[in-house]
>>> print(open('data_4.txt').read())   # compact mmCIF, C-alpha atoms
# COMPACT_ATOMS: atom_id res chain seq x y z
CA MET A 282 34.58 6.29 5.90
CA PHE A 283 35.43 6.62 9.58
CA LEU A 284 34.35 3.06 10.18
CA SER A 285 36.58 1.78 7.36
CA VAL A 286 39.68 3.63 8.68
CA PHE A 287 38.94 2.47 12.20
CA THR A 288 38.73 -1.14 11.02
CA GLN A 289 42.10 -0.91 9.34
CA HIS A 290 43.66 0.41 12.56
CA TRP A 291 41.93 -2.29 14.56
CA ARG A 292 43.69 -4.86 12.36
CA GLY A 293 47.01 -3.57 13.67
CA ARG A 294 48.01 -1.30 10.82
CA CYS A 295 48.34 1.74 13.05
CA LEU A 296 51.97 2.87 13.29
CA SER A 297 51.43 5.11 16.28
CA ILE A 298 52.25 4.27 19.85
CA ARG A 299 49.62 1.90 21.26
CA ILE A 300 47.81 2.83 24.46
CA LEU A 301 46.72 0.24 27.00
CA GLY A 302 48.07 -2.37 24.61
CA VAL A 303 44.93 -2.14 22.40
CA PHE A 304 44.31 1.20 20.71
CA CYS A 305 46.54 3.85 19.30
CA VAL A 306 45.93 7.54 19.75
CA VAL A 307 44.50 7.84 16.23
CA GLU A 308 42.18 4.92 16.84
CA LEU A 309 40.81 6.54 19.99
CA PHE A 310 40.22 9.77 18.12
CA LEU A 311 38.43 8.02 15.26
CA LEU A 312 36.38 5.99 17.70
CA PHE A 313 35.32 9.22 19.43
CA LEU A 314 34.25 10.80 16.12
CA TYR A 315 32.32 7.72 15.01
CA THR A 316 30.56 7.40 18.39
CA THR A 317 29.54 11.06 18.62
CA ASP A 318 28.33 10.99 15.00
CA TRP A 319 26.14 7.95 15.73
CA VAL A 320 24.75 9.58 18.90
CA PHE A 321 23.98 12.78 17.02
CA LEU A 322 22.10 10.94 14.29
CA SER A 323 20.24 8.84 16.81
CA ARG A 324 19.13 11.88 18.79
CA ALA A 325 18.28 13.82 15.62
CA ARG A 326 15.78 11.18 14.58
CA HIS A 327 13.83 11.96 17.73
CA HIS A 328 14.13 15.71 17.39
CA PRO A 329 10.95 17.58 16.38
CA GLU A 330 12.71 19.08 13.37
CA TYR A 331 13.72 15.70 11.97
CA LYS A 332 10.97 14.92 9.43
CA THR A 333 10.01 11.47 8.28
CA THR A 334 7.87 11.00 5.20
CA ALA A 335 4.85 10.08 7.33
CA SER A 336 5.14 13.11 9.61
CA GLU A 337 5.53 15.42 6.63
CA ALA A 338 2.42 13.91 5.09
CA ASP A 339 0.47 14.34 8.33
CA GLU A 340 1.46 18.00 8.42
CA LEU A 341 0.35 18.46 4.82
CA VAL A 342 -3.05 17.05 5.68
CA ALA A 343 -3.27 19.32 8.74
CA SER A 344 -2.36 22.51 6.88
CA HIS A 345 -4.93 24.46 4.88
CA ASP A 346 -2.22 26.02 2.76
CA THR A 347 -0.87 22.66 1.59
CA GLU A 348 -3.75 20.31 2.18
CA HIS A 349 -4.60 20.00 -1.50
CA VAL A 350 -1.50 17.93 -2.19
CA THR A 351 -2.74 14.50 -3.24
CA TYR A 352 -1.15 11.12 -2.68
CA PRO A 353 -1.39 7.79 -4.46
CA HIS A 354 -4.12 5.90 -2.67
CA ASP A 355 -1.91 3.11 -1.31
CA ILE A 356 0.37 5.64 0.40
CA TYR A 357 -2.55 7.72 1.57
CA SER A 358 -4.33 4.70 3.05
CA SER A 359 -1.26 3.48 4.89
CA MET A 360 -0.85 6.98 6.27
CA LYS A 361 -4.37 6.75 7.62
CA ALA A 362 -4.13 3.32 9.19
CA GLY A 363 -5.08 3.70 12.84
CA TYR A 364 -5.32 7.42 12.21
CA ALA A 365 -7.41 9.79 14.34
CA PRO A 366 -9.12 12.64 12.48
CA HIS A 367 -7.55 16.08 12.57
CA VAL A 368 -9.68 18.86 14.04
CA TYR A 369 -10.04 22.26 12.41
CA THR A 370 -11.64 25.62 12.97
CA TYR A 371 -11.85 28.70 10.77
CA LEU A 372 -10.89 32.29 10.13
CA ILE A 373 -13.36 34.56 8.33
CA VAL A 374 -11.71 36.03 5.24
CA LYS A 375 -14.74 37.88 3.89
CA LYS A 376 -18.51 38.06 4.24
CA TYR A 377 -20.78 38.41 1.20
CA PRO A 378 -24.53 39.13 0.91
CA HIS A 379 -26.87 36.19 0.23
CA ASP A 380 -30.61 35.88 -0.40
CA PRO A 381 -32.11 35.13 3.04
CA ARG A 382 -35.12 33.52 1.36
CA ALA A 383 -32.88 30.87 -0.21
CA PHE A 384 -33.37 27.53 1.54
CA THR A 385 -29.96 26.43 0.29
CA GLN A 386 -29.49 22.78 -0.66
CA GLY A 387 -26.58 22.96 -3.08
CA LEU A 388 -23.85 25.54 -3.69
CA LEU A 389 -21.33 25.52 -6.52
CA PHE A 390 -18.56 27.96 -7.47
CA HIS A 391 -18.42 28.87 -11.15
CA SER A 392 -16.26 31.97 -11.60
CA SER A 393 -14.92 34.97 -9.70
CA ASP A 394 -18.37 36.50 -9.21
CA THR A 395 -20.71 33.64 -10.07
CA LEU A 396 -22.18 30.84 -8.00
CA TYR A 397 -24.80 28.25 -8.85
CA GLU A 398 -27.28 27.37 -6.13
CA SER A 399 -30.20 25.00 -5.65
CA THR A 400 -32.94 25.84 -3.17
CA GLY A 401 -35.64 23.59 -1.74
CA ALA A 402 -39.26 24.24 -0.89
CA VAL A 403 -41.79 21.73 0.44
CA GLY A 404 -44.63 21.69 -2.06
CA GLY A 405 -42.53 23.80 -4.46
CA PRO A 406 -41.32 25.72 -6.13
CA SER A 407 -37.70 24.70 -5.65
CA THR A 408 -35.18 26.52 -7.84
CA VAL A 409 -31.84 26.30 -9.59
CA ARG A 410 -30.27 29.73 -9.83
CA GLU A 411 -27.23 31.70 -10.86
CA VAL A 412 -26.22 34.34 -8.30
CA SER A 413 -23.61 37.02 -7.89
CA LEU A 414 -21.11 36.25 -5.17
CA LEU A 415 -20.28 39.93 -4.64
CA SER A 416 -23.80 41.38 -4.53
CA GLY A 417 -26.00 38.37 -3.79
CA GLU A 418 -28.14 39.27 -6.80
CA ILE A 419 -30.14 36.46 -8.40
CA ARG A 420 -29.21 36.81 -12.06
CA LYS A 421 -31.42 34.03 -13.35
CA GLN A 422 -33.32 31.07 -11.98
CA THR A 423 -35.40 28.14 -13.08
CA GLN A 424 -38.06 26.34 -11.11
CA VAL A 425 -37.68 22.63 -10.51
CA PRO A 426 -40.66 20.74 -12.02
CA GLY A 427 -43.77 19.99 -10.02
CA ASN A 428 -43.60 19.50 -6.29
CA PHE A 429 -40.07 18.10 -6.28
CA PHE A 430 -37.88 19.35 -3.44
CA ALA A 431 -34.48 20.21 -4.91
CA GLU A 432 -31.43 18.94 -3.09
CA GLY A 433 -27.71 18.98 -3.96
CA LEU A 434 -26.27 20.53 -7.12
CA THR A 435 -23.18 19.78 -9.20
CA LYS A 436 -21.82 20.37 -12.71
CA LEU A 437 -20.93 17.65 -15.19
CA GLY A 438 -19.53 19.00 -18.45
CA SER A 439 -21.90 21.74 -19.62
CA LYS A 440 -24.79 20.46 -17.52
CA LEU A 441 -25.96 21.18 -14.02
CA LEU A 442 -27.48 18.27 -12.12
CA THR A 443 -29.73 18.48 -9.10
CA MET A 444 -31.03 15.68 -6.88
CA THR A 445 -34.51 15.60 -5.35
CA TRP A 446 -35.49 14.70 -1.81
CA GLN A 447 -36.96 11.26 -1.08
CA THR A 448 -37.08 10.27 -4.74
CA ASN A 449 -34.77 8.56 -7.21
CA ARG A 450 -35.15 11.34 -9.78
CA GLY A 451 -32.91 14.22 -10.73
CA PHE A 452 -32.84 16.95 -13.37
CA TYR A 453 -30.40 18.31 -15.93
CA TYR A 454 -30.05 22.02 -16.73
CA GLU A 455 -27.98 23.76 -19.34
CA ALA A 456 -25.44 25.67 -17.28
CA THR A 457 -25.43 28.93 -19.26
CA SER A 458 -29.17 29.41 -19.64
CA LEU A 459 -30.43 27.23 -16.76
CA GLN A 460 -32.97 25.78 -19.17
CA PRO A 461 -34.14 22.26 -18.22
CA ILE A 462 -32.77 19.70 -20.70
CA GLY A 463 -33.77 16.36 -19.23
CA GLU A 464 -33.93 14.18 -16.18
CA PHE A 465 -32.27 11.07 -14.81
CA ILE A 466 -33.01 8.19 -12.47
CA THR A 467 -30.65 6.81 -9.82
CA PRO A 468 -30.66 3.37 -8.20
CA LEU A 469 -31.31 5.08 -4.84
CA SER A 470 -34.59 5.84 -3.12
CA ASP A 471 -33.46 9.24 -1.82
CA GLY A 472 -31.22 12.08 -2.93
CA TRP A 473 -29.35 14.54 -0.71
CA GLY A 474 -25.91 15.88 -1.61
CA ILE A 475 -24.12 15.47 -4.93
CA THR A 476 -20.62 16.26 -6.20
CA THR A 477 -18.13 14.87 -8.70
CA PHE A 478 -14.97 12.90 -8.00
CA GLU A 479 -12.73 12.05 -10.94
CA ASP A 480 -15.23 10.87 -13.58
CA LEU A 481 -17.92 9.75 -11.11
CA LEU A 482 -20.86 11.38 -9.38
CA VAL A 483 -20.91 11.11 -5.59
CA VAL A 484 -24.30 11.11 -3.87
CA SER A 485 -25.49 10.97 -0.25
CA ASP A 486 -28.93 9.69 0.68
CA ALA A 487 -29.46 10.11 4.45
CA THR A 488 -27.75 6.77 5.14
CA THR A 489 -24.17 6.24 6.29
CA GLU A 490 -23.07 5.65 2.68
CA LEU A 491 -21.49 7.68 -0.07
CA HIS A 492 -22.56 6.29 -3.44
CA PHE A 493 -20.34 6.62 -6.50
CA MET A 494 -22.30 6.56 -9.76
CA GLN A 495 -21.62 6.86 -13.43
CA VAL A 496 -23.84 7.90 -16.29
CA GLY A 497 -25.15 4.83 -18.09
CA SER A 498 -25.40 4.27 -21.84
CA SER A 499 -28.44 6.52 -21.62
CA THR A 500 -27.99 9.83 -19.80
CA GLU A 501 -31.39 9.16 -18.26
CA GLU A 502 -30.00 6.42 -16.04
CA MET A 503 -27.25 6.48 -13.42
CA MET A 504 -25.39 3.25 -12.67
CA LEU A 505 -24.02 2.47 -9.21
CA ASN A 506 -20.24 2.00 -9.34
CA ARG A 507 -19.55 1.46 -5.62
CA SER A 508 -20.50 2.65 -2.14
CA VAL A 509 -18.39 3.36 0.94
CA THR A 510 -19.50 3.73 4.55
CA ILE A 511 -18.66 7.08 6.15
CA LYS A 512 -17.02 6.34 9.49
CA ASP A 513 -15.10 8.05 12.25
CA GLY A 514 -13.18 5.20 13.83
CA GLN A 515 -15.81 2.54 14.41
CA ARG A 516 -18.66 5.07 14.43
CA PRO A 517 -20.72 5.20 11.20
CA ILE A 518 -21.65 8.77 10.26
CA ARG A 519 -25.16 9.36 8.96
CA PHE A 520 -26.84 12.41 7.39
CA ALA A 521 -24.06 13.75 5.17
CA ASN A 522 -25.87 16.59 3.45
CA GLU A 523 -24.39 19.04 0.93
CA LEU A 524 -21.20 17.70 -0.67
CA GLU A 525 -18.14 19.31 -2.23
CA THR A 526 -14.89 17.87 -3.59
CA VAL A 527 -11.89 19.65 -2.09
CA GLY A 528 -8.30 18.61 -2.72
CA GLY A 529 -8.97 14.89 -3.16
CA GLU A 530 -11.46 14.66 -0.29
CA ILE A 531 -15.24 14.78 -0.13
CA TRP A 532 -16.39 17.50 2.26
CA ALA A 533 -19.86 17.08 3.72
CA ASN A 534 -22.15 19.23 5.80
CA ILE A 535 -23.69 17.13 8.56
CA LEU A 536 -27.38 17.91 8.95
CA GLU A 537 -28.17 19.87 12.14
CA ARG A 538 -24.48 20.11 13.07
CA ASP A 539 -22.21 23.14 12.69
CA CYS A 540 -19.60 20.87 11.21
CA VAL A 541 -18.07 19.63 7.99
CA ALA A 542 -16.64 16.12 7.66
CA ARG A 543 -13.57 15.64 5.45
CA ILE A 544 -13.98 12.18 3.98
CA ASP A 545 -11.54 9.86 2.18
CA PRO A 546 -13.42 8.97 -1.03
CA PHE A 547 -11.75 5.56 -1.27
CA THR A 548 -12.35 4.29 2.25
CA GLY A 549 -15.10 6.50 3.71
CA VAL A 550 -12.86 7.33 6.66
CA VAL A 551 -13.32 10.79 8.17
CA ASN A 552 -9.90 12.39 7.83
CA GLY A 553 -10.90 15.50 9.74
CA TRP A 554 -13.68 17.50 11.35
CA ILE A 555 -14.13 21.22 10.70
CA ASP A 556 -15.87 22.86 13.65
CA LEU A 557 -17.85 25.87 12.38
CA SER A 558 -19.46 26.64 15.72
CA GLY A 559 -20.28 30.31 16.14
CA LEU A 560 -20.31 31.12 12.42
CA SER A 561 -24.06 31.78 12.41
CA LYS A 562 -23.52 34.41 15.12
CA ARG A 563 -21.61 36.48 12.55
CA LEU A 564 -24.60 36.74 10.22
CA ASP A 565 -26.11 40.10 9.38
CA SER A 566 -29.55 40.78 10.81
CA SER A 567 -32.41 39.50 8.69
CA PRO A 568 -36.21 39.29 8.95
CA GLN A 569 -35.86 35.64 7.93
CA ARG A 570 -34.88 33.28 10.73
CA PRO A 571 -31.59 31.56 9.74
CA GLY A 572 -31.67 27.78 9.48
CA VAL A 573 -28.93 25.17 9.68
CA LEU A 574 -25.49 25.33 8.12
CA ASN A 575 -25.66 23.92 4.58
CA GLY A 576 -23.68 24.87 1.50
CA ILE A 577 -20.00 24.43 0.54
CA ALA A 578 -18.42 25.83 -2.61
CA TYR A 579 -14.75 25.53 -3.60
CA ASP A 580 -12.86 27.79 -5.97
CA ARG A 581 -10.11 25.43 -7.16
CA GLN A 582 -8.18 28.03 -9.12
CA GLY A 583 -8.17 30.58 -6.33
CA ASP A 584 -8.08 27.98 -3.52
CA ARG A 585 -11.01 29.67 -1.78
CA LEU A 586 -13.74 28.07 0.33
CA PHE A 587 -17.28 29.42 0.75
CA PHE A 588 -19.92 28.38 3.28
CA THR A 589 -23.52 29.33 3.88
CA GLY A 590 -26.74 27.96 5.37
CA LYS A 591 -30.46 27.68 4.84
CA ASN A 592 -32.03 31.16 4.86
CA TRP A 593 -28.70 32.74 5.72
CA PRO A 594 -28.29 36.40 4.69
CA ASN A 595 -24.57 35.85 4.10
CA ILE A 596 -22.02 33.63 2.42
CA PHE A 597 -18.67 33.40 4.20
CA GLU A 598 -15.26 32.93 2.65
CA LEU A 599 -13.30 31.02 5.26
CA ARG A 600 -9.76 29.87 5.80
CA ILE A 601 -9.62 26.47 7.50
CA ILE A 602 -6.94 26.14 10.16
CA PRO A 603 -5.95 23.52 12.76
CA HIS A 604 -7.98 23.73 15.98
CA LYS A 605 -5.79 24.67 18.95
CA THR A 606 -8.38 24.92 21.71
CA LYS A 607 -10.61 21.85 21.30
CA SER A 608 -9.70 18.20 21.56
CA LEU A 609 -10.86 15.53 19.13
CA SER A 610 -13.28 14.32 21.80
CA ASP A 611 -14.78 17.80 22.14
CA VAL A 612 -15.19 18.20 18.39
CA ARG A 613 -16.69 14.74 18.02
CA SER A 614 -19.31 15.59 20.64
CA THR A 615 -20.21 18.64 18.54
CA CYS A 616 -20.03 17.04 15.10
CA HIS A 617 -21.28 13.48 15.38
CA PRO A 618 -24.83 13.36 14.02
CA ALA A 619 -27.91 11.85 15.57
CA PHE A 620 -28.60 8.20 14.78
CA SER A 621 -32.09 9.15 13.60
CA LEU A 622 -34.06 12.25 12.67
CA PRO A 623 -37.73 11.21 12.94
CA HIS A 624 -38.99 14.79 12.46
CA TYR A 625 -37.53 14.62 8.92
CA GLY A 626 -38.95 11.14 8.37
CA TYR A 627 -35.75 9.23 9.15
CA PRO A 628 -36.26 6.84 12.10
>>> encode(input="data_4.txt", output="structure tokens")
Amino acid sequence: MFLSVFTQHWRGRCLSIRILGVFCVVELFLLFLYTTDWVFLSRARHHPEYKTTASEADELVASHDTEHVTYPHDIYSSMKAGYAPHVYTYLIVKKYPHDPRAFTQGLLFHSSDTLYESTGAVGGPSTVREVSLLSGEIRKQTQVPGNFFAEGLTKLGSKLLTMTWQTNRGFYYEATSLQPIGEFITPLSDGWGITTFEDLLVVSDATTELHFMQVGSSTEEMMLNRSVTIKDGQRPIRFANELETVGGEIWANILERDCVARIDPFTGVVNGWIDLSGLSKRLDSSPQRPGVLNGIAYDRQGDRLFFTGKNWPNIFELRIIPHKTKSLSDVRSTCHPAFSLPHYGYP
């Protein structure tokens, strides 16, 4: 509006006394308003409180309280172009008892006081169990057949599925009774973590890949839909262990690291690193020596996150918050996995 009025005056329609033979008093006043308005807007765009869509989206990703907002993939990917991972740490909300004999491989939230868990044992017996979150009590459990070493655990419809280590076989269990109801074969030669994303199963296998699979025409066979390489910048990330879907991301324990990678399921890009260093120091005393961090469960309805480890006497409910004291370089040095783990049979 100011610009339009100013233009009319500039064309000589001002009836006031002209100053310096060019502008009238009104024209100078309007020019002053228009100039200061333009300067204000220009400076505001560079002010920290001026929010662009991209900066708002970055803050949503960085905030635990709003991180579960999802974006269409094309917007999300463009947001992440040339994007360095966020770094996070934690606050302990609550500590719960957990069976210290459980060599935890998979952890799954079911209801307010119920978790499902898979445990591994070399030579057997591995188990699938239902446990109380509040008391740590094992309410029921089923042994995995033979000498199979149980790995990750997820739920698909009314069935629980567990993978097995260094094989292409997995097992179905009826979720209510934990009774075995069948088995399946994957196109992979190894099975580590497993979760669901949309209508697909997501599996890790000690490589740098996440594999997305669907149930074939027979429930006994899984078909490979696609695979993505997990990467932090140009660095491929190997040994994603237990998996959990959280707010549109795949969260993965990294074997032998006190860290969780937050992975874009479409691109494999690590959106963030959660540094859980020091969490094991908050464990209760136990006659069983605690092992590595492994086990993520997400309560979608209550927006709660639970973490545990192999032979840990506790499960922790944590709040994930931005890291204020460590740089991305520091966290990467803590979280990036080894390139090989020969003592596990992975050269």
>>> closest_residue(input="data_4.txt", among="A:Phe588, A:Tyr454, A:Phe429, A:Tyr627", to="Asp539 (chain A)", atoms="only C-alpha atoms")
A:Phe588
>>> residues_around(input="data_4.txt", residues="Phe390 (chain A)", least_positions_apart="5", cutoff="9 Å", atoms="all atoms listed in the file", output="list in words")
Thr395, Leu396, Tyr397, Glu398, Leu414, Ile577, Ala578, Tyr579, Asp580, Arg581 and Phe587 of chain A
>>> closest_residue(input="data_4.txt", among="A:Arg507, A:Lys605, A:His391, A:Arg613", to="Arg410 (chain A)", atoms="all atoms listed in the file")
A:His391
>>> closest_residue(input="data_4.txt", among="A:Val612, A:Ile555, A:Val573, A:Ile518", to="Thr370 (chain A)", atoms="all atoms listed in the file")
A:Ile555
>>> closest_residue(input="data_4.txt", among="A:Ile373, A:Ala521, A:Leu574, A:Cys616", to="Trp554 (chain A)", atoms="only C-alpha atoms")
A:Cys616
>>> residues_around(input="data_4.txt", residues="region 529-535 of chain A", least_positions_apart="4", cutoff="7 Å", atoms="only C-alpha atoms", output="PDB file with C-alpha atoms, in the coordinates of the input")
ATOM      1  CA  HIS A 349      -4.600  20.000  -1.500  1.00  0.00           C
ATOM      2  CA  THR A 351      -2.740  14.500  -3.240  1.00  0.00           C
ATOM      3  CA  PHE A 520     -26.840  12.410   7.390  1.00  0.00           C
ATOM      4  CA  ALA A 521     -24.060  13.750   5.170  1.00  0.00           C
ATOM      5  CA  ASN A 522     -25.870  16.590   3.450  1.00  0.00           C
ATOM      6  CA  GLU A 523     -24.390  19.040   0.930  1.00  0.00           C
ATOM      7  CA  LEU A 524     -21.200  17.700  -0.670  1.00  0.00           C
ATOM      8  CA  GLU A 525     -18.140  19.310  -2.230  1.00  0.00           C
ATOM      9  CA  CYS A 540     -19.600  20.870  11.210  1.00  0.00           C
ATOM     10  CA  VAL A 541     -18.070  19.630   7.990  1.00  0.00           C
ATOM     11  CA  ALA A 542     -16.640  16.120   7.660  1.00  0.00           C
ATOM     12  CA  ARG A 543     -13.570  15.640   5.450  1.00  0.00           C
ATOM     13  CA  ILE A 544     -13.980  12.180   3.980  1.00  0.00           C
ATOM     14  CA  ASP A 545     -11.540   9.860   2.180  1.00  0.00           C
ATOM     15  CA  PRO A 546     -13.420   8.970  -1.030  1.00  0.00           C
ATOM     16  CA  ASN A 575     -25.660  23.920   4.580  1.00  0.00           C
ATOM     17  CA  PRO A 618     -24.830  13.360  14.020  1.00  0.00           C
TER      18      PRO A 618
END
>>> residues_around(input="data_4.txt", residues="Gly572 (chain A)", least_positions_apart="3", cutoff="9 Å", atoms="all atoms listed in the file", output="ChimeraX atom specification")
/A:384,575,590-593
>>> residues_around(input="data_4.txt", residues="Ser485 (chain A)", least_positions_apart="5", cutoff="6 Å", atoms="all atoms listed in the file", output="ChimeraX atom specification")
/A:473-474,491
